[in-house]
Amino acid sequence: MDECGSDYAGTSTAESTSTAETSSSTGVETGNTSTSFSETTSNMDFGSSGASESYESNGGSNIVETSPCASKELAETAHTETKQSMITEYGMYMSNDQLEMLKSDETKEHLNVMSSETYIETFPKADLNVIGHCDSEGNIYMKDISPEVVEHVSTHETIHLCANRESYTAEDGTKVVVSGLRESRVSENGSIKDMNRGANEGFTELYTMRELENREKTESAYSIKAYSESRQWAERIEQLVGSDKTAAAYFGNEREAMEKEFNRLNDNNSSAWESFSKDIDTLEYSKNPKEMDEARSRLAKQYNTMVCNKYKS
């Protein structure tokens, strides 16, 4: 395992589409594409976490075929610019090891843009609708669908890599993997507890959209959409809890401070954040409309409580 890979040991990221893609002979996807990002721990099957929120291209967007070299260059440029932006804005929260890794040009060598056919042949266990992923060693693989999608996916995945990452074994033998806000715990008997999955993706996509907009990459930012509801809730929570606390939780190792402030704004309810996280997961991963509507109702009520406590005289 190389130096870059060791920093990502124990986690992997998969992005799966929820509608079929039509592949041309050149490997460029055509038609409307619906995609979702999801992270899995390295000991799970490829894509086992299932589909996240749909990630759809807007109607009428043009798919432009590019050469493999041009797509790789585009992915590298997005990767490099995203790293630089995240270090400049959030480097104060990152560990020294994380900063050292992100400042290295070596990370570009781990970017791989390939045709759909090659991707499927290389990762036969992946669902056919998966368009890209980042493995436990920090290698990013993506299908060459269009310049806009390549730029969006490269930016999103790079922000995942910029997030706080930890991997350790607890005293009871439980393997703990942390990526941003997300924490996965795998016990010795194989049971898995996955926390803050949807909330983590919401904040990742919030940072992704801002980064693309700051680079004036409007078409890449808005030709597709991902985690719309989670992203909107992430922005609301950022405004109420404070962008400094949410950034320190995502890029640093200070989730406790964010959750404490969140709970305080919910009438000092110690389980408020846990409830919020579960409801966001329901919005992203449940296929039951009734469950999703009930989650939205609870979130709206919780938000109203937070606003009242935040701005009460």
# chains A, B, ... in the order shown; residues from 1 in each chain; ligands from 1
>>> residues_around(residues="region 82-97 of chain A", least_positions_apart="2", cutoff="12 Å", atoms="only C-alpha atoms", output="compact mmCIF listing (two decimals) with C-alpha atoms, in the first residue's frame")
# COMPACT_ATOMS: atom_id res chain seq x y z
CA GLU A 3 1.53 6.47 1.25
CA CYS A 4 -1.59 8.00 -0.26
CA SER A 6 -2.69 4.28 3.70
CA ASP A 7 -4.45 7.50 4.59
CA TYR A 8 -7.72 6.07 3.28
CA ALA A 75 -10.80 15.11 -13.66
CA GLU A 76 -7.27 15.99 -12.55
CA THR A 77 -7.92 19.72 -12.85
CA ALA A 78 -11.13 19.46 -10.81
CA HIS A 79 -9.32 17.29 -8.26
CA THR A 80 -6.39 19.69 -7.87
CA LEU A 99 -2.80 18.23 4.96
CA GLU A 100 0.44 16.54 3.94
CA MET A 101 -1.45 14.01 1.84
CA LEU A 102 -3.65 16.61 0.17
CA LYS A 103 -0.72 18.88 -0.69
CA SER A 104 0.99 16.04 -2.56
CA ASP A 105 0.62 15.79 -6.35
CA THR A 107 -3.14 11.97 -5.37
CA LYS A 108 -3.68 12.75 -9.07
CA GLU A 151 -16.07 17.29 -13.25
CA HIS A 152 -18.92 16.95 -10.74
CA VAL A 153 -17.96 13.43 -9.64
CA SER A 154 -14.26 14.27 -9.38
CA THR A 155 -15.08 17.30 -7.22
CA HIS A 156 -17.51 15.38 -4.99
CA GLU A 157 -15.11 12.47 -4.44
CA THR A 158 -12.17 14.78 -3.77
CA ILE A 159 -14.16 16.54 -1.05
CA HIS A 160 -14.80 13.12 0.51
CA LEU A 161 -11.02 12.63 0.54
CA CYS A 162 -10.54 16.04 2.17
CA ALA A 163 -12.90 15.10 5.00
CA ASN A 164 -11.65 13.84 8.35
CA ARG A 165 -10.85 10.12 8.08
CA GLU A 166 -10.13 7.71 10.89
CA GLY A 180 -16.51 13.21 7.58
CA THR A 204 -20.42 16.69 0.87
CA TYR A 207 -19.48 21.74 -0.40
CA THR A 208 -19.39 20.27 -3.93
CA MET A 209 -21.98 22.69 -5.29
CA ARG A 210 -20.27 25.67 -3.66
CA GLU A 211 -16.91 24.65 -5.06
CA LEU A 212 -18.27 24.29 -8.60
CA GLU A 213 -20.11 27.60 -8.36
CA ASN A 214 -16.99 29.34 -7.04
CA ARG A 215 -15.10 28.02 -10.07
CA SER A 243 -20.55 27.06 9.69
CA ASP A 244 -17.46 26.89 11.91
CA LYS A 245 -18.88 24.01 13.94
CA THR A 246 -20.14 22.05 10.93
CA ALA A 247 -16.84 22.51 9.08
CA ALA A 248 -14.85 21.44 12.15
CA ALA A 249 -17.05 18.35 12.40
CA TYR A 250 -16.71 17.42 8.72
CA PHE A 251 -13.06 18.28 8.04
CA GLY A 252 -11.75 17.87 11.57
CA ASN A 253 -12.48 15.64 14.51
CA GLU A 254 -15.02 17.77 16.34
CA ARG A 255 -18.40 16.19 15.69
>>> residues_around(residues="Asp194 (chain A)", least_positions_apart="4", cutoff="9 Å", atoms="only C-alpha atoms", output="VMD selection string")
chain A and resid 182 to 186
>>> atom_distance(atom1="CA of Asn139 (chain A)", atom2="CA of Lys193 (chain A)")
25.0 Å
>>> residues_around(residues="Arg298 (chain A)", least_positions_apart="4", cutoff="9 Å", atoms="only C-alpha atoms", output="JSON, numbers by chain")
{"A": [275, 276, 279, 293, 294, 302, 303]}
>>> select_by_dssp(residues="region 89-221 of chain A", states="strand (DSSP E)", output="MDAnalysis selection string")
chainID A and resid 111:114 130:134 140:143 165:169 175:179 182:186 192:195
>>> closest_residue(among="A:Gly198, A:Gly138, A:Pro147, A:Gly132", to="Ser71 (chain A)", atoms="only C-alpha atoms")
A:Pro147
>>> select_by_dssp(residues="region 142-284 of chain A", states="helix (DSSP H, G or I)", output="PyMOL selection string")
chain A and resi 147-162+197-214+218-222+228-241+243-251+255-265+272-284
>>> closest_residue(among="A:His110, A:Thr305, A:Gly202, A:Glu148", to="Thr218 (chain A)", atoms="only C-alpha atoms")
A:Glu148
>>> residues_around(residues="Glu188 (chain A)", least_positions_apart="4", cutoff="10 Å", atoms="only C-alpha atoms", output="list in words")
Asp172, Gly173, Thr174, Lys175 and Ile192 of chain A
>>> write_last_selection(atoms="N, CA, C and O atoms", output="CSV table (one decimal), in the first residue's frame")
chain,number,residue,atom,x,y,z
A,172,ASP,N,-13.6,-3.0,22.6
A,172,ASP,CA,-14.4,-4.3,22.5
A,172,ASP,C,-14.2,-5.0,21.2
A,172,ASP,O,-14.9,-6.0,21.0
A,173,GLY,N,-13.2,-4.6,20.4
A,173,GLY,CA,-13.0,-5.3,19.2
A,173,GLY,C,-13.7,-4.8,18.0
A,173,GLY,O,-13.5,-5.2,16.8
A,174,THR,N,-14.6,-3.8,18.2
A,174,THR,CA,-15.3,-3.2,17.1
A,174,THR,C,-14.4,-2.3,16.2
A,174,THR,O,-13.6,-1.5,16.7
A,175,LYS,N,-14.5,-2.6,14.9
A,175,LYS,CA,-13.8,-1.8,13.9
A,175,LYS,C,-14.6,-0.5,13.6
A,175,LYS,O,-15.7,-0.6,13.2
A,192,ILE,N,-23.3,-4.5,11.7
A,192,ILE,CA,-22.8,-3.2,11.2
A,192,ILE,C,-23.8,-2.1,11.7
A,192,ILE,O,-25.0,-2.2,11.5
>>> atom_distance(atom1="CA of Arg296 (chain A)", atom2="CA of Ala226 (chain A)")
17.9 Å
>>> residues_around(residues="Asp144 (chain A)", least_positions_apart="2", cutoff="6 Å", atoms="only C-alpha atoms", output="list in words")
Val28, Val113, Met114, Ser115 and Ser146 of chain A
